[in-house]
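**Q** File work19.txt follows (compact mmCIF, C-alpha atoms):
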# COMPACT_ATOMS: atom_id res chain seq x y z
CA MET M 26 3.52 -9.90 14.09
CA ARG M 27 2.04 -13.22 12.91
CA ASN M 28 -1.17 -12.77 14.96
CA SER M 29 -1.64 -9.30 13.50
CA ILE M 30 -1.14 -10.61 9.97
CA GLN M 31 -3.81 -13.24 10.56
CA SER M 32 -6.12 -10.56 11.98
CA LEU M 33 -5.54 -8.47 8.88
CA LEU M 34 -6.32 -11.38 6.53
CA ASN M 35 -9.44 -12.27 8.53
CA ALA M 36 -10.63 -8.65 8.35
CA LEU M 37 -10.06 -8.55 4.58
CA ARG M 38 -12.08 -11.74 4.08
CA VAL M 39 -14.94 -10.29 6.10
CA SER M 40 -14.69 -6.96 4.25
CA PHE M 41 -14.92 -8.70 0.87
CA SER M 42 -17.68 -11.05 2.12
CA TYR M 43 -15.47 -14.09 1.59
CA GLN M 44 -15.84 -15.05 5.26
CA LYS M 45 -18.74 -14.57 7.66
CA THR M 46 -17.13 -15.96 10.81
CA GLN M 47 -16.21 -13.92 13.86
CA HIS M 48 -12.57 -12.92 14.20
CA TYR M 49 -10.50 -11.98 17.24
CA ILE M 50 -8.06 -9.05 17.27
CA GLU M 51 -5.22 -9.49 19.73
CA ASN M 52 -3.16 -6.35 19.01
CA SER M 53 -5.21 -3.55 17.48
CA ARG M 54 -2.30 -1.09 17.45
CA GLU M 55 -0.11 -3.46 15.44
CA LEU M 56 -3.04 -4.33 13.18
CA TYR M 57 -3.62 -0.65 12.40
CA ARG M 58 0.04 -0.07 11.58
CA ILE M 59 0.36 -2.92 9.10
CA ALA M 60 -3.08 -2.22 7.61
CA LYS M 61 -2.15 1.42 6.99
CA GLU M 62 1.29 0.56 5.58
CA ASN M 63 -0.37 -1.94 3.22
CA GLY M 64 -3.03 0.46 1.95
CA VAL M 65 -6.09 -1.23 3.49
CA SER M 66 -6.77 0.52 6.83
CA GLY M 67 -9.90 2.21 5.48
CA THR M 68 -10.88 -0.94 3.61
CA ILE M 69 -11.24 -3.07 6.74
CA TYR M 70 -12.83 -0.49 9.07
CA LYS M 71 -16.34 -1.98 8.96
CA ALA M 72 -14.92 -5.44 9.66
CA VAL M 73 -12.99 -4.33 12.74
CA LYS M 74 -15.07 -1.51 14.24
CA ASN M 75 -16.94 -3.80 16.63
CA ARG M 76 -13.79 -5.78 17.52
CA ILE M 77 -11.57 -2.95 18.80
CA THR M 78 -11.89 -1.55 22.32
CA ASN M 79 -8.95 0.88 22.13
CA MET M 80 -10.78 4.11 21.20
CA TYR M 81 -7.61 5.82 19.97
CA ILE M 82 -6.94 3.04 17.45
CA LEU M 83 -10.62 2.78 16.53
CA ASN M 84 -10.68 6.52 15.76
CA ARG M 85 -7.61 6.10 13.55
CA PHE M 86 -9.39 3.39 11.60
CA ARG M 87 -12.54 5.53 11.37
CA ARG M 88 -10.57 8.56 10.21
CA ASP M 89 -8.93 6.51 7.45
CA PHE M 90 -12.30 5.06 6.43
CA TYR M 91 -13.79 8.51 5.81
CA LYS M 92 -10.58 9.66 4.16
CA TYR M 93 -10.77 6.67 1.79
CA ILE M 94 -14.35 7.58 0.86
CA ALA M 95 -13.56 11.27 0.31
CA ASP M 96 -10.37 10.51 -1.61
CA ASP M 97 -12.20 7.95 -3.73
CA GLN M 98 -14.83 10.45 -4.80
CA LYS M 99 -12.21 13.10 -5.65
CA LYS M 100 -10.36 10.64 -7.87
CA LEU M 101 -13.51 9.30 -9.54
CA ASP M 102 -14.46 12.91 -10.35
CA LEU M 103 -11.00 13.57 -11.76
CA ILE M 104 -11.12 10.38 -13.85
CA ASP M 105 -14.42 11.61 -15.30
CA LYS M 106 -12.86 15.01 -15.99
CA ILE M 107 -9.90 13.47 -17.82
CA SER M 108 -12.19 11.30 -19.93
CA VAL M 109 -14.37 14.25 -20.89
CA LEU M 110 -11.26 16.19 -21.95
CA PHE M 111 -9.85 13.28 -23.94
CA VAL M 112 -13.16 12.40 -25.61
CA GLU M 113 -13.70 16.02 -26.60
CA ASN M 114 -10.23 16.01 -28.18
CA ASN M 115 -10.51 12.53 -29.74
CA ILE M 116 -7.73 10.99 -27.61
CA ASP M 117 -8.01 7.23 -27.06
CA HIS M 118 -7.13 6.25 -23.49
CA ILE M 119 -7.04 3.34 -21.02
CA TYR M 120 -7.15 3.54 -17.22
CA LEU M 121 -4.59 1.35 -15.49
CA LYS M 122 -4.02 -0.26 -12.10
CA GLY M 123 -6.09 1.27 -9.28
CA ALA M 124 -8.08 3.60 -11.52
CA HIS M 125 -9.56 0.52 -13.22
CA LEU M 126 -9.24 -2.09 -10.46
CA LYS M 127 -11.25 -0.09 -7.92
CA HIS M 128 -14.38 -0.85 -9.95
CA LEU M 129 -13.83 -4.57 -9.35
CA TYR M 130 -13.95 -4.22 -5.56
CA GLN M 131 -17.26 -4.42 -3.65
CA GLU M 132 -17.06 -0.65 -3.13
CA THR M 133 -14.70 1.60 -5.07
CA TYR M 134 -13.34 3.25 -1.88
CA MET M 135 -12.00 -0.15 -0.77
CA ARG M 136 -9.19 0.09 -3.31
CA SER M 137 -7.11 3.06 -2.21
CA MET M 138 -4.62 4.52 -4.67
CA GLY M 139 -2.00 7.20 -4.73
CA ASP M 140 -2.31 8.43 -8.30
CA ILE M 141 -4.38 8.01 -11.45
CA ASP M 142 -2.65 6.08 -14.23
CA VAL M 143 -3.92 6.60 -17.78
CA LEU M 144 -2.39 5.32 -21.01
CA VAL M 145 -2.60 7.14 -24.34
CA LYS M 146 -1.07 6.25 -27.68
CA ASN M 147 2.48 7.50 -28.08
CA ASP M 148 1.44 9.59 -31.10
CA ASP M 149 -1.18 11.33 -28.90
CA MET M 150 1.18 12.06 -26.01
CA GLU M 151 2.02 15.63 -26.98
CA LYS M 152 -1.63 16.40 -27.72
CA ALA M 153 -2.75 14.89 -24.40
CA GLU M 154 -0.15 16.96 -22.54
CA LYS M 155 -1.44 20.18 -24.13
CA VAL M 156 -5.04 19.29 -23.32
CA LEU M 157 -4.22 18.63 -19.66
CA LYS M 158 -2.13 21.78 -19.32
CA ALA M 159 -4.90 23.89 -20.83
CA ALA M 160 -7.33 22.40 -18.29
CA GLY M 161 -5.17 23.40 -15.32
CA PHE M 162 -3.01 20.31 -14.85
CA ASP M 163 0.59 21.13 -13.91
CA LEU M 164 3.40 19.09 -15.47
CA ASN M 165 5.70 17.96 -12.66
CA SER M 166 8.19 15.64 -14.38
CA LYS M 167 8.86 13.57 -17.50
CA GLY M 168 10.06 9.99 -17.73
CA PRO M 169 10.59 7.18 -20.24
CA VAL M 170 7.28 5.47 -19.39
CA HIS M 171 5.05 8.28 -18.12
CA ASN M 172 4.88 11.98 -17.33
CA VAL M 173 3.59 13.18 -13.96
CA PHE M 174 0.92 15.87 -13.67
CA PHE M 175 -0.78 17.41 -10.66
CA TYR M 176 -4.33 18.74 -10.50
CA GLY M 177 -4.28 20.49 -7.16
CA GLU M 178 -2.98 17.82 -4.77
CA LEU M 179 -4.08 14.93 -7.00
CA GLU M 180 -1.40 13.17 -9.05
CA VAL M 181 -1.89 11.82 -12.57
CA GLU M 182 0.58 9.63 -14.44
CA LEU M 183 0.12 10.03 -18.18
CA HIS M 184 1.62 6.89 -19.75
CA ARG M 185 3.04 6.74 -23.25
CA LYS M 186 3.67 2.99 -22.78
CA LEU M 187 3.44 0.26 -20.16
CA VAL M 188 7.05 -0.87 -19.89
CA PHE M 189 10.54 0.49 -20.13
CA GLU M 190 11.92 -1.98 -22.67
CA GLU M 191 15.57 -1.47 -21.73
CA LYS M 192 14.95 -3.10 -18.34
CA GLU M 193 12.02 -5.41 -18.99
CA LYS M 194 13.14 -7.33 -22.08
CA ASN M 195 11.00 -10.36 -21.20
CA PHE M 196 7.93 -8.15 -21.17
CA GLY M 197 8.31 -6.69 -24.63
CA VAL M 198 4.81 -7.96 -25.44
CA LEU M 199 3.47 -5.24 -23.13
CA SER M 200 4.67 -2.65 -25.64
CA GLN M 201 1.80 -3.81 -27.87
CA ALA M 202 -0.98 -2.70 -25.53
CA TRP M 203 -3.22 -1.21 -28.19
CA ASP M 204 -3.41 -4.56 -29.97
CA HIS M 205 -5.09 -6.06 -26.88
CA VAL M 206 -7.98 -3.72 -26.09
CA THR M 207 -11.76 -3.59 -26.03
CA LYS M 208 -13.63 -0.36 -26.73
CA ILE M 209 -15.90 0.67 -23.85
CA SER M 210 -17.23 3.95 -25.22
CA ASP M 211 -16.02 6.91 -27.26
CA ASN M 212 -12.22 6.99 -26.99
CA ILE M 213 -12.31 4.89 -23.78
CA PHE M 214 -10.78 1.41 -23.92
CA GLU M 215 -9.76 -1.32 -21.51
CA LEU M 216 -7.12 -4.03 -21.80
CA SER M 217 -8.18 -7.59 -22.51
CA PRO M 218 -8.36 -9.58 -19.23
CA GLU M 219 -5.39 -11.78 -20.16
CA TYR M 220 -3.26 -8.77 -21.06
CA GLU M 221 -4.32 -6.76 -18.01
CA LEU M 222 -3.46 -9.69 -15.76
CA LEU M 223 -0.03 -9.89 -17.37
CA TYR M 224 0.44 -6.17 -16.71
CA LEU M 225 -0.55 -6.60 -13.05
CA LEU M 226 1.95 -9.44 -12.70
CA TYR M 227 4.64 -7.33 -14.38
CA HIS M 228 3.84 -4.37 -12.13
CA ASN M 229 4.15 -6.51 -9.00
CA LYS M 230 7.41 -8.02 -10.24
CA LYS M 231 8.80 -4.59 -10.99
CA HIS M 232 7.99 -3.22 -7.54
CA LEU M 233 9.23 -6.32 -5.76
CA LEU M 234 12.59 -5.83 -7.48
CA SER M 235 12.72 -2.06 -6.99
CA GLY M 236 11.82 -1.84 -3.30
CA GLY M 237 8.79 -3.90 -2.37
CA ILE M 238 5.03 -4.24 -2.60
CA GLY M 239 2.35 -4.27 0.04
CA LEU M 240 -0.54 -6.67 0.45
CA ARG M 241 -2.87 -4.38 -1.53
CA ASN M 242 -0.93 -5.04 -4.73
CA VAL M 243 -0.99 -8.79 -4.19
CA ILE M 244 -4.73 -9.04 -3.48
CA ASP M 245 -5.39 -6.89 -6.56
CA ILE M 246 -4.57 -10.02 -8.54
CA GLY M 247 -6.96 -12.14 -6.46
CA ILE M 248 -9.78 -9.60 -6.77
CA PHE M 249 -9.15 -9.27 -10.52
CA LEU M 250 -9.14 -13.02 -11.13
CA ASN M 251 -12.20 -13.59 -8.98
CA LYS M 252 -14.15 -11.08 -11.09
CA LYS M 253 -12.67 -11.83 -14.50
CA LYS M 254 -11.92 -15.58 -14.41
CA ASP M 255 -14.88 -16.50 -16.62
CA GLN M 256 -13.74 -14.00 -19.27
CA ILE M 257 -10.13 -15.17 -19.45
CA ASP M 258 -9.02 -17.27 -22.41
CA TYR M 259 -6.59 -19.59 -20.65
CA LYS M 260 -4.78 -20.55 -23.86
CA VAL M 261 -4.06 -16.89 -24.57
CA LEU M 262 -3.05 -16.30 -20.95
CA HIS M 263 -0.74 -19.33 -20.92
CA SER M 264 0.93 -18.13 -24.12
CA LEU M 265 1.55 -14.68 -22.60
CA LEU M 266 2.85 -16.19 -19.36
CA GLU M 267 5.15 -18.51 -21.26
CA GLU M 268 6.49 -15.70 -23.44
CA THR M 269 7.28 -13.56 -20.40
CA GLN M 270 8.56 -16.44 -18.25
CA SER M 271 5.84 -15.73 -15.68
CA ILE M 272 4.10 -19.09 -15.31
CA LEU M 273 5.58 -19.82 -11.87
CA PHE M 274 4.94 -16.28 -10.63
CA PHE M 275 1.31 -16.47 -11.77
CA LYS M 276 0.87 -19.80 -10.01
CA LYS M 277 2.31 -18.46 -6.76
CA MET M 278 0.16 -15.32 -6.84
CA VAL M 279 -2.96 -17.45 -7.36
CA ILE M 280 -2.04 -19.82 -4.53
CA PHE M 281 -1.16 -16.99 -2.14
CA ASN M 282 -4.47 -15.23 -2.88
CA ASP M 283 -6.37 -18.45 -2.30
CA GLN M 284 -4.75 -18.67 1.12
CA TYR M 285 -5.24 -14.97 1.88
CA LEU M 286 -8.86 -14.62 0.73
CA ARG M 287 -10.18 -18.22 0.41
CA LEU M 288 -10.99 -17.76 -3.28
CA HIS M 289 -10.41 -21.30 -4.71
CA LEU M 290 -8.85 -19.84 -7.85
CA GLY M 291 -6.31 -22.65 -8.02
CA GLU M 292 -9.12 -25.12 -8.61
CA PHE M 293 -10.56 -22.96 -11.38
CA PHE M 294 -7.22 -22.71 -13.18
CA HIS M 295 -6.41 -26.40 -12.48
CA LEU M 296 -3.28 -25.59 -10.49
CA ASP M 297 -1.78 -28.12 -8.15
CA TYR M 298 -1.97 -26.97 -4.55
CA ASP M 299 1.45 -25.98 -3.25
CA PRO M 300 1.87 -26.99 0.42
CA ASN M 301 5.10 -24.99 0.86
CA LYS M 302 4.18 -23.35 4.18
CA LEU M 303 7.66 -21.92 4.72
CA LEU M 304 7.53 -20.03 1.41
CA TYR M 305 4.00 -18.79 2.15
CA LYS M 306 5.11 -17.50 5.56
CA ALA M 307 8.32 -15.92 4.23
CA PHE M 308 6.62 -14.20 1.29
CA THR M 309 3.71 -12.96 3.41
CA ASN M 310 6.02 -11.56 6.09
CA MET M 311 8.12 -9.83 3.43
CA VAL M 312 5.08 -8.27 1.73
CA ILE M 313 3.42 -7.12 4.96
CA GLN M 314 6.66 -5.69 6.32
CA SER M 315 7.39 -4.01 2.99
CA GLY M 316 4.15 -2.05 2.75
CA VAL M 317 2.93 -0.28 -0.37
CA HIS M 318 5.91 0.55 -2.65
CA GLY M 319 8.32 -0.63 0.06
CA TYR M 320 7.56 2.21 2.48
CA GLY M 321 6.99 0.01 5.55
CA ILE M 322 8.70 1.40 8.66
CA GLU M 323 10.53 -1.89 9.32
CA HIS M 324 11.54 -2.46 5.69
CA ASN M 325 14.75 -1.57 3.85
CA PRO M 326 13.78 -1.30 0.15
CA LEU M 327 17.39 -1.63 -0.98
CA ASN M 328 17.44 -5.21 0.29
CA ASN M 329 14.95 -6.02 -2.48
CA VAL M 330 17.01 -4.16 -5.07
CA PHE M 331 20.22 -5.94 -4.07
CA ALA M 332 18.42 -9.32 -3.87
CA GLY M 333 17.10 -8.97 -7.42
CA ASP M 334 20.50 -7.94 -8.69
CA ASN M 335 22.12 -10.81 -6.81
CA ASN M 336 19.91 -13.22 -8.75
CA GLN M 337 21.09 -11.56 -11.94
CA LYS M 338 24.73 -11.99 -10.84
CA THR M 339 25.13 -8.23 -10.41
CA SER M 340 27.36 -7.05 -7.57
CA LYS M 341 26.16 -4.65 -4.88
CA LEU M 342 28.63 -2.02 -6.10
CA LYS M 343 27.27 -2.22 -9.64
CA SER M 344 23.73 -1.89 -8.26
CA ILE M 345 24.69 1.31 -6.43
CA LEU M 346 26.50 2.74 -9.46
CA ARG M 347 23.46 2.03 -11.65
CA LEU M 348 21.24 3.97 -9.23
CA VAL M 349 23.70 6.90 -9.04
CA PHE M 350 24.43 6.95 -12.79
CA PRO M 351 21.18 6.03 -14.61
CA SER M 352 21.20 5.02 -18.26
CA TYR M 353 20.65 7.44 -21.12
CA GLN M 354 17.15 6.04 -21.71
CA MET M 355 16.26 6.53 -18.04
CA ILE M 356 17.46 10.12 -17.76
CA ARG M 357 16.92 11.64 -21.18
CA TYR M 358 13.35 12.74 -20.45
CA LYS M 359 14.52 14.68 -17.38
CA TYR M 360 17.02 16.69 -19.44
CA PRO M 361 15.55 16.62 -22.98
CA LYS M 362 17.45 19.63 -24.34
CA MET M 363 20.81 18.58 -22.94
CA LEU M 364 20.46 14.93 -23.96
CA LYS M 365 19.61 15.27 -27.62
CA ASN M 366 22.91 13.44 -28.03
CA LYS M 367 24.31 10.65 -25.81
CA ILE M 368 27.69 12.39 -25.69
CA PHE M 369 26.30 14.76 -23.05
CA LEU M 370 25.27 11.95 -20.66
CA PRO M 371 28.23 12.54 -18.23
CA ILE M 372 27.24 16.21 -17.97
CA ALA M 373 23.66 15.19 -17.18
CA TRP M 374 24.94 12.87 -14.43
CA ILE M 375 26.94 15.72 -12.88
CA ARG M 376 23.95 18.05 -13.04
CA ARG M 377 21.73 15.40 -11.45
CA ILE M 378 24.20 14.78 -8.62
CA ILE M 379 24.56 18.52 -7.92
CA ASN M 380 20.77 18.86 -7.92
CA ILE M 381 20.45 16.02 -5.40
CA ILE M 382 23.14 17.53 -3.16
CA LEU M 383 21.59 21.02 -3.24
CA ARG M 384 17.88 20.19 -3.19
CA LYS M 385 17.52 16.65 -1.92
CA THR M 386 20.14 16.41 0.80
CA LYS M 387 17.77 14.63 3.19
CA LYS M 388 16.89 12.05 0.55
CA MET M 389 20.57 11.52 -0.25
CA PHE M 390 21.49 10.86 3.40
CA MET M 391 18.52 8.53 3.74
CA TYR M 392 19.79 6.55 0.75
CA PHE M 393 23.28 6.27 2.28
CA LYS M 394 21.68 5.17 5.55
CA LEU M 395 19.73 2.43 3.75
CA VAL M 396 22.88 1.23 1.97
CA LYS M 397 24.71 1.04 5.31
CA GLU M 398 21.83 -0.79 7.00
CA SER M 399 21.31 -3.35 4.23
CA LYS M 400 22.19 -6.82 5.52
CA LEU M 401 23.60 -9.70 3.52
CA SER M 402 21.49 -12.24 5.44
CA GLU M 403 18.26 -10.38 4.63
CA ILE M 404 19.32 -9.89 1.01
CA MET M 405 19.97 -13.61 0.63
CA ASN M 406 16.63 -14.50 2.25
CA ILE M 407 14.78 -12.23 -0.15
CA SER M 408 16.86 -13.56 -3.05
CA LYS M 409 15.70 -17.07 -2.11
CA ILE M 410 12.05 -15.95 -2.02
CA PHE M 411 12.43 -14.35 -5.45
CA ASN M 412 13.83 -17.58 -6.87
CA GLU M 413 11.03 -19.68 -5.39
CA ILE M 414 8.23 -17.46 -6.69
CA GLY M 415 9.71 -17.13 -10.17
CA ILE M 416 11.25 -13.67 -10.38
Just give me the structure of the file as structure tokens.
**A**
Amino acid sequence: MRNSIQSLLNALRVSFSYQKTQHYIENSRELYRIAKENGVSGTIYKAVKNRITNMYILNRFRRDFYKYIADDQKKLDLIDKISVLFVENNIDHIYLKGAHLKHLYQETYMRSMGDIDVLVKNDDMEKAEKVLKAAGFDLNSKGPVHNVFFYGELEVELHRKLVFEEKEKNFGVLSQAWDHVTKISDNIFELSPEYELLYLLYHNKKHLLSGGIGLRNVIDIGIFLNKKKDQIDYKVLHSLLEETQSILFFKKMVIFNDQYLRLHLGEFFHLDYDPNKLLYKAFTNMVIQSGVHGYGIEHNPLNNVFAGDNNQKTSKLKSILRLVFPSYQMIRYKYPKMLKNKIFLPIAWIRRIINIILRKTKKMFMYFKLVKESKLSEIMNISKIFNEIGI
């Protein structure tokens, strides 16, 4: 796979105009698979279209390219619709992750995304829900951090906050999002660059520990820093990184992006170059194999979960029990009427298990399959990577 990974990185550099040199593609089929799993197959189409002779694979790349463009326009239109609704109803809001990051890429279609993430103030949550429902958005589910809506086939995550404090105690500062914003226009805000970077780091940490991240999530940080580096107050950033114990993770993400995209960000932030080639190779292989949200065909997301818990001295059995029997804070939004009091938590667990057995049998068997296929050697390798990158 190493040759395909290098082909993918070369294609990304060309796509983002960070490299003008010619690049050779040895295995176009393998390149397409890892590019698709990592959310960049449409992104690199222009860079590879004259390098691929296999017409079947070339057509797959071309199909994804046009799908990226069409999907991008649908989501930009929906973002505009949400903003109009919220401005009309005096609801302050902030677009997060891909909905904001796509505007930092050379072309917005280059940053694919699954859903639209928008943050509102907790006091405005109920009002925002009513506004969306009245406009034809269907509420799909509720959670401790965000509620999920659908507008047709398009998914929107309406956030009441950025972090679930019970799990992310080190990132409590992210609960103060509205103290770190800049007003863009009526009721539309964006996070300060230091704070948004911290949120991107947190988001990557969270997904690494819960199943995996693909290359798209990692290069988001490189693209963001390349565009925003002159606006970042490094003293403020260092303070936030220190408070959240993220200095090492930040350094590694900068160094990896420099190697992936040839950005020279390490020089800008006065970071010492880290020549650890074994770590670079191990992390890159893990990320590429993982794919976006850990959905790579060759990846077992539970290995990441167990590796993170291993570093926290939590046994595999406890990890499984925690997934089967979620905490009160995690589950109370799913059963709001039943869980007005913690005493009913065991009943909610039973109801959840019955629901999974009756309605999500396939998902349940898949989970058992992943548990069975998880390997101690792979878990320990990932655990080592986590330690070396600071999570």
**Q** Report, in Å to a single decimal, how far apart CA of Pro351 (chain M) and CA of Pro371 (chain M) are.
**A**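 Taking CA of Pro371 (chain M) and CA of Pro351 (chain M), their separation equals 10.3 Å.
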**Q** Pick out the residues sitting within 9 Å of Asn147 (chain M), and hand them over as a ChimeraX atom specification; count all atoms listed in the file, and ignore anything fewer than 4 positions along from it in its own chain.
**A** /M:151,184-186
**Q** With distances taken over all atoms listed in the file, which of M:Ser264, M:Gly239, M:Tyr49, M:Ala72 is nearest to Ala36 (chain M)?
**A** M:Ala72
**Q** With a distance cut-off of 12 Å and only C-alpha atoms, select the neighbouring residues of Val198 (chain M), excluding the residue or stretch itself and same-chain residues fewer than 3 positions from it, and output the selection as a PyMOL selection string.
**A** chain M and resi 186-190+193-195+201-205+220-221+223-224+227+264-270
**Q** Let me make sure I understand: among M:Asn172, M:Ser235, M:Phe294, M:Lys167, which one has the smallest atom-to-atom distance to Asp255 (chain M) if we use all atoms listed in the file?
**A**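 Smallest distance to Asp255 (chain M) is found for M:Phe294.
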**Q** Which residues are near region 300-317 of chain M? Cut-off 10 Å, all atoms listed in the file, ignore same chain within fewer than 3 positions. Put them as a ChimeraX atom specification.
**A** /M:26-27,30,33,58-65,138-139,232-233,236-243,277,280-281,284-285,297,320-326,329,406-407,409-411,413-414
**Q** Please complete region 298-311 of chain M with N, CA and C atoms and give it back as a CSV table (one decimal), keeping the file's coordinate frame.
**A**
chain,number,residue,atom,x,y,z
M,298,TYR,N,-2.2,-27.7,-5.8
M,298,TYR,CA,-2.0,-27.0,-4.6
M,298,TYR,C,-0.5,-27.1,-4.1
M,299,ASP,N,0.1,-26.0,-3.7
M,299,ASP,CA,1.4,-26.0,-3.2
M,299,ASP,C,1.5,-25.9,-1.7
M,300,PRO,N,1.9,-27.0,-1.0
M,300,PRO,CA,1.9,-27.0,0.4
M,300,PRO,C,3.1,-26.4,1.1
M,301,ASN,N,3.9,-25.6,0.3
M,301,ASN,CA,5.1,-25.0,0.9
M,301,ASN,C,4.8,-23.9,1.9
M,302,LYS,N,4.6,-24.3,3.1
M,302,LYS,CA,4.2,-23.4,4.2
M,302,LYS,C,5.3,-22.4,4.5
M,303,LEU,N,6.5,-22.8,4.4
M,303,LEU,CA,7.7,-21.9,4.7
M,303,LEU,C,7.7,-20.8,3.7
M,304,LEU,N,7.5,-21.1,2.4
M,304,LEU,CA,7.5,-20.0,1.4
M,304,LEU,C,6.4,-19.1,1.6
M,305,TYR,N,5.2,-19.6,1.9
M,305,TYR,CA,4.0,-18.8,2.2
M,305,TYR,C,4.3,-17.8,3.3
M,306,LYS,N,4.8,-18.3,4.4
M,306,LYS,CA,5.1,-17.5,5.6
M,306,LYS,C,6.2,-16.4,5.2
M,307,ALA,N,7.2,-16.9,4.6
M,307,ALA,CA,8.3,-15.9,4.2
M,307,ALA,C,7.8,-14.8,3.3
M,308,PHE,N,7.1,-15.2,2.2
M,308,PHE,CA,6.6,-14.2,1.3
M,308,PHE,C,5.6,-13.2,2.0
M,309,THR,N,4.7,-13.8,2.7
M,309,THR,CA,3.7,-13.0,3.4
M,309,THR,C,4.4,-12.0,4.4
M,310,ASN,N,5.3,-12.5,5.2
M,310,ASN,CA,6.0,-11.6,6.1
M,310,ASN,C,6.7,-10.5,5.3
M,311,MET,N,7.4,-10.8,4.2
M,311,MET,CA,8.1,-9.8,3.4
M,311,MET,C,7.2,-8.8,2.9
